[in-house]
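As provided, protein_17.cif (mmCIF, C-alpha atoms and all ligand atoms; chains and numbers go by the auth columns) reads as follows.
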data_protein
#
loop_
_atom_site.group_PDB
_atom_site.id
_atom_site.type_symbol
_atom_site.label_atom_id
_atom_site.label_comp_id
_atom_site.label_asym_id
_atom_site.label_seq_id
_atom_site.Cartn_x
_atom_site.Cartn_y
_atom_site.Cartn_z
_atom_site.B_iso_or_equiv
_atom_site.auth_seq_id
_atom_site.auth_asym_id
ATOM 1 C CA MET A 1 -3.082 -69.034 -8.966 0.00 879 A
ATOM 2 C CA GLY A 2 -4.005 -71.878 -6.628 0.00 880 A
ATOM 3 C CA PRO A 3 -7.214 -72.130 -4.611 0.00 881 A
ATOM 4 C CA ALA A 4 -8.507 -69.058 -2.794 0.00 882 A
ATOM 5 C CA VAL A 5 -6.935 -67.943 0.468 0.00 883 A
ATOM 6 C CA LYS A 6 -9.022 -68.465 3.622 0.00 884 A
ATOM 7 C CA TYR A 7 -8.620 -66.235 6.669 0.00 885 A
ATOM 8 C CA ARG A 8 -9.194 -68.114 9.882 0.00 886 A
ATOM 9 C CA PHE A 9 -9.048 -66.803 13.442 0.00 887 A
ATOM 10 C CA ILE A 10 -7.309 -69.364 15.564 0.00 888 A
ATOM 11 C CA LYS A 11 -7.311 -69.671 19.362 0.00 889 A
ATOM 12 C CA LYS A 12 -4.872 -72.552 19.508 0.00 890 A
ATOM 13 C CA ALA A 13 -2.416 -73.886 16.947 0.00 891 A
ATOM 14 C CA THR A 14 -2.237 -77.610 16.304 0.00 892 A
ATOM 15 C CA PRO A 15 1.336 -78.985 16.229 0.00 893 A
ATOM 16 C CA ALA A 16 1.284 -78.860 12.394 0.00 894 A
ATOM 17 C CA GLN A 17 -0.031 -75.271 12.388 0.00 895 A
ATOM 18 C CA ALA A 18 2.536 -74.256 15.008 0.00 896 A
ATOM 19 C CA LYS A 19 5.337 -75.504 12.749 0.00 897 A
ATOM 20 C CA GLU A 20 4.051 -73.468 9.799 0.00 898 A
ATOM 21 C CA ILE A 21 3.511 -70.327 11.883 0.00 899 A
ATOM 22 C CA ILE A 22 6.943 -70.523 13.515 0.00 900 A
ATOM 23 C CA THR A 23 8.465 -70.924 10.029 0.00 901 A
ATOM 24 C CA LEU A 24 6.798 -67.619 9.066 0.00 902 A
ATOM 25 C CA TYR A 25 8.124 -65.944 12.248 0.00 903 A
ATOM 26 C CA ARG A 26 11.634 -67.298 11.596 0.00 904 A
ATOM 27 C CA ALA A 27 11.613 -66.096 7.970 0.00 905 A
ATOM 28 C CA GLN A 28 11.137 -62.556 9.296 0.00 906 A
ATOM 29 C CA GLY A 29 13.712 -62.936 12.069 0.00 907 A
ATOM 30 C CA TRP A 30 10.936 -62.505 14.649 0.00 908 A
ATOM 31 C CA TRP A 31 11.544 -65.813 16.453 0.00 909 A
ATOM 32 C CA ASP A 32 14.852 -66.605 18.143 0.00 910 A
ATOM 33 C CA LYS A 33 13.562 -69.157 20.617 0.00 911 A
ATOM 34 C CA LYS A 34 13.306 -72.870 20.026 0.00 912 A
ATOM 35 C CA ALA A 35 10.248 -73.949 18.064 0.00 913 A
ATOM 36 C CA SER A 36 7.783 -74.613 20.862 0.00 914 A
ATOM 37 C CA ALA A 37 4.078 -74.959 20.162 0.00 915 A
ATOM 38 C CA ALA A 38 3.459 -74.127 23.845 0.00 916 A
ATOM 39 C CA ALA A 39 5.264 -70.761 23.574 0.00 917 A
ATOM 40 C CA LEU A 40 3.393 -69.954 20.367 0.00 918 A
ATOM 41 C CA ASN A 41 0.071 -70.846 21.951 0.00 919 A
ATOM 42 C CA ARG A 42 0.747 -68.535 24.920 0.00 920 A
ATOM 43 C CA LEU A 43 1.290 -65.741 22.419 0.00 921 A
ATOM 44 C CA ILE A 44 -1.902 -66.615 20.515 0.00 922 A
ATOM 45 C CA ARG A 45 -3.964 -66.937 23.704 0.00 923 A
ATOM 46 C CA GLY A 46 -2.735 -63.578 24.976 0.00 924 A
ATOM 47 C CA SER A 47 -3.563 -61.776 21.729 0.00 925 A
ATOM 48 C CA HIS A 48 -6.880 -60.103 21.009 0.00 926 A
ATOM 49 C CA CYS A 49 -7.036 -62.258 17.887 0.00 927 A
ATOM 50 C CA PHE A 50 -4.680 -64.188 15.643 0.00 928 A
ATOM 51 C CA VAL A 51 -5.449 -64.787 11.985 0.00 929 A
ATOM 52 C CA ALA A 52 -3.947 -67.516 9.815 0.00 930 A
ATOM 53 C CA ALA A 53 -4.188 -67.135 6.033 0.00 931 A
ATOM 54 C CA GLU A 54 -4.444 -70.577 4.472 0.00 932 A
ATOM 55 C CA ARG A 55 -4.171 -71.777 0.934 0.00 933 A
ATOM 56 C CA ASP A 56 -4.996 -75.405 0.352 0.00 934 A
ATOM 57 C CA GLY A 57 -4.748 -76.132 4.081 0.00 935 A
ATOM 58 C CA LYS A 58 -1.260 -74.600 4.418 0.00 936 A
ATOM 59 C CA ILE A 59 -0.651 -71.422 6.408 0.00 937 A
ATOM 60 C CA ILE A 60 0.910 -68.903 4.018 0.00 938 A
ATOM 61 C CA GLY A 61 0.464 -65.735 6.078 0.00 939 A
ATOM 62 C CA MET A 62 -0.515 -64.439 9.499 0.00 940 A
ATOM 63 C CA GLY A 63 -1.219 -61.417 11.638 0.00 941 A
ATOM 64 C CA ARG A 64 -2.523 -60.594 15.073 0.00 942 A
ATOM 65 C CA ALA A 65 -3.794 -57.773 17.247 0.00 943 A
ATOM 66 C CA ILE A 66 -2.944 -56.982 20.829 0.00 944 A
ATOM 67 C CA SER A 67 -5.396 -54.784 22.706 0.00 945 A
ATOM 68 C CA ASP A 68 -6.885 -53.574 25.968 0.00 946 A
ATOM 69 C CA ARG A 69 -10.199 -55.052 24.753 0.00 947 A
ATOM 70 C CA ALA A 70 -11.818 -51.686 25.419 0.00 948 A
ATOM 71 C CA GLY A 71 -10.764 -49.111 22.859 0.00 949 A
ATOM 72 C CA ASP A 72 -7.216 -49.460 21.548 0.00 950 A
ATOM 73 C CA ALA A 73 -5.281 -52.084 19.617 0.00 951 A
ATOM 74 C CA TYR A 74 -2.027 -52.590 17.778 0.00 952 A
ATOM 75 C CA LEU A 75 -1.519 -54.846 14.780 0.00 953 A
ATOM 76 C CA GLN A 76 1.526 -57.051 15.086 0.00 954 A
ATOM 77 C CA ASP A 77 3.399 -59.804 13.212 0.00 955 A
ATOM 78 C CA VAL A 78 1.695 -59.317 9.838 0.00 956 A
ATOM 79 C CA THR A 79 3.556 -61.330 7.233 0.00 957 A
ATOM 80 C CA VAL A 80 3.020 -63.364 4.078 0.00 958 A
ATOM 81 C CA ASP A 81 5.261 -66.143 2.752 0.00 959 A
ATOM 82 C CA PRO A 82 7.574 -64.428 0.195 0.00 960 A
ATOM 83 C CA ALA A 83 6.385 -66.813 -2.550 0.00 961 A
ATOM 84 C CA GLU A 84 2.778 -65.716 -1.921 0.00 962 A
ATOM 85 C CA ARG A 85 3.242 -61.947 -1.771 0.00 963 A
ATOM 86 C CA GLY A 86 1.555 -59.567 -4.182 0.00 964 A
ATOM 87 C CA SER A 87 -1.686 -61.474 -4.583 0.00 965 A
ATOM 88 C CA GLY A 88 -3.827 -59.899 -1.880 0.00 966 A
ATOM 89 C CA ALA A 89 -3.127 -62.091 1.151 0.00 967 A
ATOM 90 C CA GLY A 90 -1.580 -59.235 3.147 0.00 968 A
ATOM 91 C CA ARG A 91 -4.609 -57.068 2.484 0.00 969 A
ATOM 92 C CA GLY A 92 -6.903 -59.982 3.424 0.00 970 A
ATOM 93 C CA ILE A 93 -5.125 -60.474 6.764 0.00 971 A
ATOM 94 C CA VAL A 94 -5.243 -56.793 7.769 0.00 972 A
ATOM 95 C CA THR A 95 -8.863 -56.397 6.623 0.00 973 A
ATOM 96 C CA ALA A 96 -9.968 -59.464 8.589 0.00 974 A
ATOM 97 C CA ILE A 97 -8.300 -58.169 11.771 0.00 975 A
ATOM 98 C CA GLU A 98 -9.662 -54.626 11.349 0.00 976 A
ATOM 99 C CA ARG A 99 -13.193 -55.958 10.842 0.00 977 A
ATOM 100 C CA ARG A 100 -12.920 -58.120 13.924 0.00 978 A
ATOM 101 C CA LEU A 101 -11.544 -55.261 16.064 0.00 979 A
ATOM 102 C CA LYS A 102 -14.316 -52.885 14.985 0.00 980 A
ATOM 103 C CA ARG A 103 -16.901 -55.541 15.732 0.00 981 A
ATOM 104 C CA ASP A 104 -15.361 -55.845 19.209 0.00 982 A
ATOM 105 C CA GLY A 105 -15.692 -52.093 19.820 0.00 983 A
ATOM 106 C CA ILE A 106 -12.053 -51.176 19.208 0.00 984 A
ATOM 107 C CA SER A 107 -11.797 -47.920 17.269 0.00 985 A
ATOM 108 C CA TRP A 108 -8.118 -46.905 17.685 0.00 986 A
ATOM 109 C CA ILE A 109 -5.970 -49.236 15.593 0.00 987 A
ATOM 110 C CA ALA A 110 -2.259 -48.613 15.121 0.00 988 A
ATOM 111 C CA LEU A 111 0.927 -50.426 14.152 0.00 989 A
ATOM 112 C CA ILE A 112 4.645 -50.005 13.602 0.00 990 A
ATOM 113 C CA ALA A 113 5.332 -50.353 9.853 0.00 991 A
ATOM 114 C CA GLN A 114 8.579 -52.313 9.700 0.00 992 A
ATOM 115 C CA ASP A 115 10.887 -53.043 6.782 0.00 993 A
ATOM 116 C CA ASN A 116 9.471 -50.610 4.218 0.00 994 A
ATOM 117 C CA SER A 117 5.902 -51.860 4.644 0.00 995 A
ATOM 118 C CA GLU A 118 4.597 -48.273 4.967 0.00 996 A
ATOM 119 C CA PRO A 119 3.381 -48.095 1.306 0.00 997 A
ATOM 120 C CA PHE A 120 1.410 -51.310 1.868 0.00 998 A
ATOM 121 C CA TYR A 121 -0.380 -49.847 4.919 0.00 999 A
ATOM 122 C CA LEU A 122 -0.950 -46.517 3.161 0.00 1000 A
ATOM 123 C CA LYS A 123 -2.711 -48.470 0.376 0.00 1001 A
ATOM 124 C CA LEU A 124 -4.910 -50.036 3.044 0.00 1002 A
ATOM 125 C CA GLY A 125 -5.996 -46.642 4.371 0.00 1003 A
ATOM 126 C CA PHE A 126 -3.597 -46.216 7.306 0.00 1004 A
ATOM 127 C CA LYS A 127 -2.014 -42.812 7.888 0.00 1005 A
ATOM 128 C CA THR A 128 1.485 -42.031 9.114 0.00 1006 A
ATOM 129 C CA LEU A 129 1.446 -40.838 12.732 0.00 1007 A
ATOM 130 C CA ARG A 130 2.952 -37.378 12.807 0.00 1008 A
ATOM 131 C CA ARG A 131 5.280 -36.278 15.608 0.00 1009 A
ATOM 132 C CA ALA A 132 5.672 -39.896 16.654 0.00 1010 A
ATOM 133 C CA ARG A 133 8.586 -42.292 16.774 0.00 1011 A
ATOM 134 C CA PRO A 134 8.530 -46.005 17.619 0.00 1012 A
ATOM 135 C CA MET A 135 10.661 -46.750 20.679 0.00 1013 A
ATOM 136 C CA LEU A 136 11.952 -49.916 22.263 0.00 1014 A
ATOM 137 C CA ALA A 137 13.168 -50.595 25.803 0.00 1015 A
ATOM 138 C CA GLY A 138 16.925 -51.034 26.078 0.00 1016 A
ATOM 139 C CA ASN A 139 18.337 -54.552 25.550 0.00 1017 A
ATOM 140 C CA THR A 140 15.136 -55.680 23.838 0.00 1018 A
ATOM 141 C CA TYR A 141 15.499 -58.386 21.239 0.00 1019 A
ATOM 142 C CA VAL A 142 14.509 -56.968 17.825 0.00 1020 A
HETATM 143 C C1 LIG B . 3.879 -56.315 3.814 0.00 1101 B
HETATM 144 C C2 LIG B . 3.282 -57.644 3.366 0.00 1101 B
HETATM 145 C C3 LIG B . 2.533 -58.288 4.541 0.00 1101 B
HETATM 146 C C4 LIG B . 2.335 -57.414 2.186 0.00 1101 B
HETATM 147 O O1 LIG B . 1.711 -58.651 1.855 0.00 1101 B
HETATM 148 P P1 LIG B . 1.184 -58.952 0.356 0.00 1101 B
HETATM 149 O O2 LIG B . 0.372 -60.181 0.400 0.00 1101 B
HETATM 150 O O3 LIG B . 2.325 -58.909 -0.593 0.00 1101 B
HETATM 151 O O4 LIG B . 0.259 -57.668 0.096 0.00 1101 B
HETATM 152 P P2 LIG B . -1.008 -57.545 -0.889 0.00 1101 B
HETATM 153 O O5 LIG B . -0.725 -58.394 -2.096 0.00 1101 B
HETATM 154 O O6 LIG B . -2.248 -57.814 -0.145 0.00 1101 B
HETATM 155 O O7 LIG B . -0.916 -56.010 -1.254 0.00 1101 B
HETATM 156 C C5 LIG B . -1.990 -55.071 -1.044 0.00 1101 B
HETATM 157 C C6 LIG B . -1.646 -53.796 -1.795 0.00 1101 B
HETATM 158 O O8 LIG B . -0.439 -53.217 -1.267 0.00 1101 B
HETATM 159 C C7 LIG B . 0.562 -53.115 -2.285 0.00 1101 B
HETATM 160 N N1 LIG B . 1.853 -53.438 -1.679 0.00 1101 B
HETATM 161 C C8 LIG B . 2.199 -54.557 -1.010 0.00 1101 B
HETATM 162 N N2 LIG B . 3.463 -54.486 -0.563 0.00 1101 B
HETATM 163 C C9 LIG B . 3.919 -53.278 -0.984 0.00 1101 B
HETATM 164 C C10 LIG B . 5.153 -52.609 -0.841 0.00 1101 B
HETATM 165 N N3 LIG B . 6.191 -53.146 -0.174 0.00 1101 B
HETATM 166 N N4 LIG B . 5.284 -51.384 -1.414 0.00 1101 B
HETATM 167 C C11 LIG B . 4.269 -50.810 -2.097 0.00 1101 B
HETATM 168 N N5 LIG B . 3.047 -51.402 -2.229 0.00 1101 B
HETATM 169 C C12 LIG B . 2.897 -52.612 -1.696 0.00 1101 B
HETATM 170 C C13 LIG B . 0.171 -54.141 -3.321 0.00 1101 B
HETATM 171 O O9 LIG B . 0.678 -53.795 -4.599 0.00 1101 B
HETATM 172 C C14 LIG B . -1.349 -54.072 -3.268 0.00 1101 B
HETATM 173 O O10 LIG B . -1.823 -52.957 -3.998 0.00 1101 B
HETATM 174 P P3 LIG B . -3.120 -53.076 -4.963 0.00 1101 B
HETATM 175 O O11 LIG B . -4.269 -53.402 -4.069 0.00 1101 B
HETATM 176 O O12 LIG B . -3.185 -51.752 -5.610 0.00 1101 B
HETATM 177 O O13 LIG B . -2.796 -54.198 -5.916 0.00 1101 B
HETATM 178 C C15 LIG B . 4.412 -58.604 2.844 0.00 1101 B
HETATM 179 O O14 LIG B . 5.174 -57.940 1.872 0.00 1101 B
HETATM 180 C C16 LIG B . 5.340 -59.086 3.933 0.00 1101 B
HETATM 181 O O15 LIG B . 5.103 -60.111 4.539 0.00 1101 B
HETATM 182 N N6 LIG B . 6.435 -58.348 4.180 0.00 1101 B
HETATM 183 C C17 LIG B . 7.423 -58.718 5.178 0.00 1101 B
HETATM 184 C C18 LIG B . 6.897 -58.560 6.574 0.00 1101 B
HETATM 185 C C19 LIG B . 6.558 -57.140 6.910 0.00 1101 B
HETATM 186 O O16 LIG B . 7.312 -56.224 6.615 0.00 1101 B
HETATM 187 N N7 LIG B . 5.405 -56.968 7.539 0.00 1101 B
HETATM 188 C C20 LIG B . 4.991 -55.718 8.050 0.00 1101 B
HETATM 189 C C21 LIG B . 5.402 -55.650 9.480 0.00 1101 B
HETATM 190 S S1 LIG B . 4.726 -54.264 10.273 0.00 1101 B
#
Would it be possible to restate this file's structure as structure tokens?
Ligand SMILES: CC(C)(COP(=O)(O)OP(=O)(O)OC[C@H]1O[C@@H](n2cnc3c(N)ncnc32)[C@H](O)[C@@H]1OP(=O)(O)O)[C@@H](O)C(=O)NCCC(=O)NCCS
Amino acid sequence: MGPAVKYRFIKKATPAQAKEIITLYRAQGWWDKKASAAALNRLIRGSHCFVAAERDGKIIGMGRAISDRAGDAYLQDVTVDPAERGSGAGRGIVTAIERRLKRDGISWIALIAQDNSEPFYLKLGFKTLRRARPMLAGNTYV
């Protein structure tokens, strides 16, 4: 185990941070555009919050929330570097975002559990939405 993981809310990624974050997006197949710090920073700026999990100054995980800033929010893009999984970073990311949302008056927090991550979210206290099905507009990049 290396040094402890720090969870930092960022409002703007430095060029070095942008590289690390885009690497995490790419590893999940969530980034098909060219690696542009400007595009990433638009996404960060437009989010309710964006958390970077850092170990020893390197970003090893991330997550963000999108919201109406009034009552509802969705978690999005939660991921941990495969080499760093299983040691609590995922839980740390989700907990940090949930705490921040509650502090900001958001009480309805939801997400789409992708790629068999449902057991992870169940462990963290989330419940499966009954009679619900995630949908995507036609021709959307997945
Ligand atoms: C899902 C993900 C973020 C979990 O990150 P992680 O750092 O490995 O998770 P943690 O170590 O904090 O795990 C927290 C708890 O969930 C459990 N857990 C984690 N992943 C699990 C899984 N796939 N199945 C069952 N339990 C799981 C852990 O064992 C741990 O339980 P414990 O507290 O009893 O020890 C990570 O596996 C990942 O990046 N996956 C790919 C991206 C993805 O699918 N993200 C979700 C998109 S919605």
For region 915-969 of chain A versus region 892-905 of chain A, which residues have an atom no more than 10 Å away, and what is each residue's nearest atom pair and distance in Å rounded to one decimal, using only C-alpha atoms, chain-then-number order, as a tab-separated table?
residue	atom	partner	partner_atom	distance
A:Ala915	CA	A:Ala896	CA	5.4
A:Ala916	CA	A:Ala896	CA	8.9
A:Ala917	CA	A:Ala896	CA	9.6
A:Leu918	CA	A:Ala896	CA	6.9
A:Asn919	CA	A:Ala896	CA	8.1
A:Ala930	CA	A:Ile899	CA	8.2
A:Gly935	CA	A:Gln895	CA	9.6
A:Lys936	CA	A:Glu898	CA	7.6
A:Ile937	CA	A:Glu898	CA	6.1
A:Ile938	CA	A:Leu902	CA	7.9
A:Gly939	CA	A:Leu902	CA	7.3
A:Met940	CA	A:Ile899	CA	7.5
A:Asp955	CA	A:Tyr903	CA	7.8
A:Val956	CA	A:Tyr903	CA	9.5
A:Thr957	CA	A:Leu902	CA	7.3
A:Val958	CA	A:Leu902	CA	7.6
A:Asp959	CA	A:Leu902	CA	6.7
A:Pro960	CA	A:Ala905	CA	8.9
(Q) When you look at Arg886 (chain A) with a cut-off of 9 Å (counting all atoms listed in the file), what residues show up, excluding the ones that are within fewer than 4 positions of it in the same chain? I need them as a count of residues only. (A) 6
Q: Quick one: everything within 9 Å of Cys927 (chain A), counting all atoms listed in the file, minus sequence neighbours fewer than 2 positions away in the same chain. Send it as a VMD selection string.
A: chain A and resid 887 to 889 922 to 925 929 941 to 944 975 978 to 979
Q | Selection as a ChimeraX atom specification: residues within 7 Å of ligand LIG 1101 (chain B) by all atoms listed in the file | A | /A:906,954-960,962-970,989-995,997-998,1001-1002
Q.
Just checking: using all atoms listed in the file, which residue out of A:Tyr952, A:Thr1006, A:Arg933, A:Gly1016 ends up closest to Tyr885 (chain A)?
A.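 Closest to Tyr885 (chain A), using all atoms listed in the file: A:Arg933.
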Q | For CA of Lys912 (chain A) and CA of Leu953 (chain A), the interatomic separation in Å (one decimal) | A |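 Here the two named atoms are 23.9 Å from each other.
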Q. Counting all atoms listed in the file, what is within 9 Å of Ile984 (chain A), bar same-chain residues fewer than 3 positions away, as a list in words?
A.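 The filter keeps Ser945, Asp946, Arg947, Ala948, Gly949, Asp950, Ala951, Glu976, Arg978, Leu979, Lys980, Arg981 and Ile987 of chain A.
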Q) Quick one: of A:Val972, A:Asn1017, A:Asp910, A:Lys884, who's nearest to Gly1003 (chain A), counting all atoms listed in the file? A)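 Ranked by minimum distance to Gly1003 (chain A), first place goes to A:Val972.
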